[in-house]
Amino acid sequence: METTTPISCSDSYDHQDTQESCIRGHIIACGGGADHKDKGGERGLRKKVKRFFHSKASSNSSGVNSSSVAMASFEPSCREKLTSSPSVVIPAAPAAACGGSNKRALLCGVTYSHQHRYMLKGTANDVSNMKNLLTNTFGYPAECIRILSEDDPGAQDLIPTKKNIENSLKWLVEGCKWGDSLVFYFSGHGLRQPDFQNDEIDGYDETICPVDFLKEGMILDNDINKTIVWPLKAGVKLHAIVDACHSGTILDLEHVYDRKQRTWINNLPPSGARKSTSGGLAISISACEDDKMAADTTVFTKKKMNGAMTYILTETVKENPQMTYGALLDTMANHIENINNERWIKSRIIRKVLRHKTIQEPMLSSSTKFEVYDTKFIL
């Protein structure tokens, strides 16, 4: 029998040795231009990583510079693919002023086209789908949408480098005022690294990986929070939609929603560090929880690769643009459950092999608690 496994990202566990590897067996480690693949076993590398972080923690007792500590966590991860498809070419939007519009969006799709082992083929399609949703369903002017992609190497300011993403995040919230609606979208790799500032309940900082992350490092959740959450004034609403591994609390927002229990859970930092807005509202929808992995897949179109969360979200909202956040989460969860169930084979051995290749449920977090089933999802 021929079986297909369109979901692209997985981790396998050896509980005795506590070793982990993604589906292609590599650990992504950035900083100093170094990358590591599983050669001769992970234990030695894992010890080196632990020593690195121990030395960093000892030498940075008052805090760690996120730009200098740009290593992945002990958990290797990827958002990879098992099948390939041609990428969609997306013209880069100019970084133009939005005139009188109160809507602005930053869309980042990172392909990692010059780093073959980390390359993703669904991110360009993700950005295209998100742009269509914003313009056709929510009325965002095209000139108010800045796209960072690798499609035009000549547009140096619009390549998703660490510097360009950081500058564009500042552009997104600059001069925000009452009535503004802002969107930050990211499709690419996400990682974790140990938290030395005691502001993470789970002990890890979440990160996103720009195209040059091996050289320049990752962008930490702490820095994203300070850049686009802190400046939000009263009457300003920001949505962050992040289709990446380990992206659950990528904005470090203070409340996380438990869909099954239908309740908000406290995500306040143990250190008491500020994570709040300046009176505005920040909402994040992520592809998975902090310790889970996102997936690229061809299961939806059979030809094009897509980020699973992005495709399900955009198609669900296009079909019913008046739905609430609760209805959106439930509908997405139902779609994901159906897809995962279709891929489960009765054979116990095959089921064990595939157990980590499932699409994860999206995760909702917010700077303020709100009635999820009474509030319409409006970007």
# chains A, B, ... in the order shown; residues from 1 in each chain; ligands from 1
>>> residues_around(residues="region 222-233 of chain A", least_positions_apart="5", cutoff="8 Å", atoms="only C-alpha atoms", output="PyMOL selection string")
chain A and resi 66+169-170+172-173+176-178+205+238+250-253+275-282
>>> select_by_dssp(residues="region 186-312 of chain A", states="alpha helix (DSSP H)", output="PyMOL selection string")
chain A and resi 213-216+221-224+308-312
>>> residues_around(residues="Asp126 (chain A)", least_positions_apart="4", cutoff="12 Å", atoms="only C-alpha atoms", output="PyMOL selection string")
chain A and resi 87-90+107-111+120-122+130-133+147+149+185-188+241-244+296-297+304-315
>>> write_last_selection(atoms="N, CA, C and O atoms", output="short mmCIF file (atom, residue, chain, number, x, y, z; two decimals), in the first residue's frame")
data_model
loop_
_atom_site.label_atom_id
_atom_site.label_comp_id
_atom_site.auth_asym_id
_atom_site.auth_seq_id
_atom_site.Cartn_x
_atom_site.Cartn_y
_atom_site.Cartn_z
N SER A 87 7.27 27.94 -5.91
CA SER A 87 6.82 29.04 -5.07
C SER A 87 6.13 30.10 -5.91
O SER A 87 6.42 30.27 -7.09
N VAL A 88 5.22 30.81 -5.28
CA VAL A 88 4.54 31.90 -5.95
C VAL A 88 5.39 33.15 -5.85
O VAL A 88 5.92 33.48 -4.79
N VAL A 89 5.56 33.86 -6.94
CA VAL A 89 6.32 35.10 -6.92
C VAL A 89 5.40 36.23 -6.50
O VAL A 89 4.37 36.48 -7.11
N ILE A 90 5.79 36.90 -5.41
CA ILE A 90 4.96 37.97 -4.86
C ILE A 90 5.68 39.29 -5.05
O ILE A 90 6.78 39.47 -4.55
N LEU A 107 3.85 41.88 6.34
CA LEU A 107 3.80 40.46 6.03
C LEU A 107 5.22 39.97 5.71
O LEU A 107 5.86 40.49 4.80
N CYS A 108 5.70 38.98 6.47
CA CYS A 108 7.04 38.44 6.27
C CYS A 108 6.95 36.97 5.88
O CYS A 108 6.40 36.16 6.63
N GLY A 109 7.50 36.63 4.74
CA GLY A 109 7.58 35.24 4.30
C GLY A 109 9.02 34.89 4.02
O GLY A 109 9.62 35.40 3.08
N VAL A 110 9.61 34.04 4.85
CA VAL A 110 11.03 33.72 4.73
C VAL A 110 11.20 32.33 4.12
O VAL A 110 10.76 31.34 4.69
N THR A 111 11.84 32.29 2.98
CA THR A 111 12.04 31.04 2.23
C THR A 111 13.37 30.38 2.56
O THR A 111 13.51 29.17 2.41
N LEU A 120 12.20 26.59 2.87
CA LEU A 120 10.76 26.37 2.96
C LEU A 120 10.12 26.80 1.64
O LEU A 120 10.51 27.81 1.07
N LYS A 121 9.12 26.06 1.19
CA LYS A 121 8.47 26.38 -0.09
C LYS A 121 7.04 26.83 0.06
O LYS A 121 6.39 27.15 -0.93
N GLY A 122 6.54 26.88 1.28
CA GLY A 122 5.15 27.30 1.45
C GLY A 122 4.99 28.74 1.88
O GLY A 122 3.89 29.29 1.83
N MET A 130 -2.42 35.54 2.77
CA MET A 130 -2.71 36.53 3.80
C MET A 130 -2.97 37.90 3.20
O MET A 130 -3.87 38.63 3.65
N LYS A 131 -2.19 38.26 2.19
CA LYS A 131 -2.42 39.56 1.54
C LYS A 131 -3.81 39.60 0.91
O LYS A 131 -4.52 40.61 1.03
N ASN A 132 -4.21 38.53 0.24
CA ASN A 132 -5.54 38.49 -0.37
C ASN A 132 -6.64 38.60 0.69
O ASN A 132 -7.67 39.26 0.46
N LEU A 133 -6.44 37.97 1.83
CA LEU A 133 -7.43 38.07 2.90
C LEU A 133 -7.55 39.51 3.40
O LEU A 133 -8.66 40.02 3.59
N ILE A 147 5.53 44.06 2.38
CA ILE A 147 5.87 42.64 2.28
C ILE A 147 7.39 42.48 2.26
O ILE A 147 8.08 43.11 1.44
N SER A 149 10.14 39.70 1.53
CA SER A 149 10.30 38.38 0.93
C SER A 149 11.63 38.33 0.20
O SER A 149 12.34 39.33 0.11
N TYR A 185 2.32 39.66 10.28
CA TYR A 185 2.24 38.26 9.86
C TYR A 185 3.65 37.75 9.58
O TYR A 185 4.44 38.42 8.93
N PHE A 186 3.94 36.54 10.08
CA PHE A 186 5.24 35.92 9.83
C PHE A 186 5.05 34.46 9.49
O PHE A 186 4.34 33.72 10.17
N SER A 187 5.71 34.04 8.41
CA SER A 187 5.74 32.63 8.02
C SER A 187 7.20 32.24 7.80
O SER A 187 7.87 32.80 6.93
N GLY A 188 7.67 31.30 8.60
CA GLY A 188 9.07 30.90 8.51
C GLY A 188 9.43 29.99 9.67
O GLY A 188 8.57 29.41 10.33
N ILE A 241 -0.17 37.21 13.54
CA ILE A 241 -0.47 35.86 13.08
C ILE A 241 0.86 35.24 12.68
O ILE A 241 1.50 35.70 11.72
N VAL A 242 1.28 34.23 13.43
CA VAL A 242 2.63 33.68 13.25
C VAL A 242 2.56 32.20 12.96
O VAL A 242 2.12 31.41 13.79
N ASP A 243 2.97 31.83 11.75
CA ASP A 243 2.96 30.44 11.31
C ASP A 243 4.39 29.91 11.37
O ASP A 243 5.12 29.91 10.37
N ALA A 244 4.79 29.49 12.56
CA ALA A 244 6.15 29.02 12.78
C ALA A 244 6.16 28.06 13.96
O ALA A 244 5.26 28.08 14.80
N ASP A 296 4.36 22.60 7.15
CA ASP A 296 4.07 22.90 5.75
C ASP A 296 3.45 21.64 5.15
O ASP A 296 3.86 20.53 5.47
N THR A 297 2.50 21.80 4.26
CA THR A 297 1.83 20.63 3.72
C THR A 297 1.25 20.90 2.34
O THR A 297 0.97 22.05 1.99
N LYS A 304 0.46 22.91 -4.42
CA LYS A 304 1.22 23.96 -3.78
C LYS A 304 1.45 23.65 -2.30
O LYS A 304 0.58 23.11 -1.63
N MET A 305 2.64 24.04 -1.81
CA MET A 305 2.93 23.90 -0.40
C MET A 305 2.35 25.10 0.34
O MET A 305 2.41 26.23 -0.14
N ASN A 306 1.76 24.85 1.50
CA ASN A 306 1.19 25.92 2.32
C ASN A 306 1.49 25.66 3.79
O ASN A 306 1.57 24.51 4.22
N GLY A 307 1.60 26.73 4.55
CA GLY A 307 1.60 26.59 5.99
C GLY A 307 0.20 26.16 6.40
O GLY A 307 -0.79 26.77 6.01
N ALA A 308 0.11 25.09 7.19
CA ALA A 308 -1.20 24.52 7.53
C ALA A 308 -2.09 25.54 8.23
O ALA A 308 -3.25 25.73 7.87
N MET A 309 -1.55 26.22 9.24
CA MET A 309 -2.37 27.17 9.99
C MET A 309 -2.84 28.32 9.12
O MET A 309 -4.01 28.72 9.16
N THR A 310 -1.95 28.86 8.30
CA THR A 310 -2.31 30.00 7.46
C THR A 310 -3.41 29.63 6.48
O THR A 310 -4.38 30.38 6.30
N TYR A 311 -3.26 28.49 5.83
CA TYR A 311 -4.25 28.10 4.83
C TYR A 311 -5.62 27.89 5.48
O TYR A 311 -6.64 28.39 4.98
N ILE A 312 -5.67 27.18 6.59
CA ILE A 312 -6.95 26.91 7.25
C ILE A 312 -7.58 28.21 7.74
O ILE A 312 -8.78 28.43 7.59
N LEU A 313 -6.78 29.09 8.32
CA LEU A 313 -7.31 30.36 8.83
C LEU A 313 -7.88 31.22 7.71
O LEU A 313 -9.01 31.71 7.80
N THR A 314 -7.10 31.40 6.65
CA THR A 314 -7.56 32.29 5.58
C THR A 314 -8.80 31.74 4.88
O THR A 314 -9.74 32.49 4.58
N GLU A 315 -8.84 30.44 4.64
CA GLU A 315 -10.00 29.85 3.98
C GLU A 315 -11.24 29.90 4.89
O GLU A 315 -12.35 30.16 4.42
#
>>> select_by_dssp(residues="region 78-263 of chain A", states="strand (DSSP E or B)", output="MDAnalysis selection string")
chainID A and resid 103:109 145:148 181:187 190:194 204:208 219:220 233 237:243 255:258 263
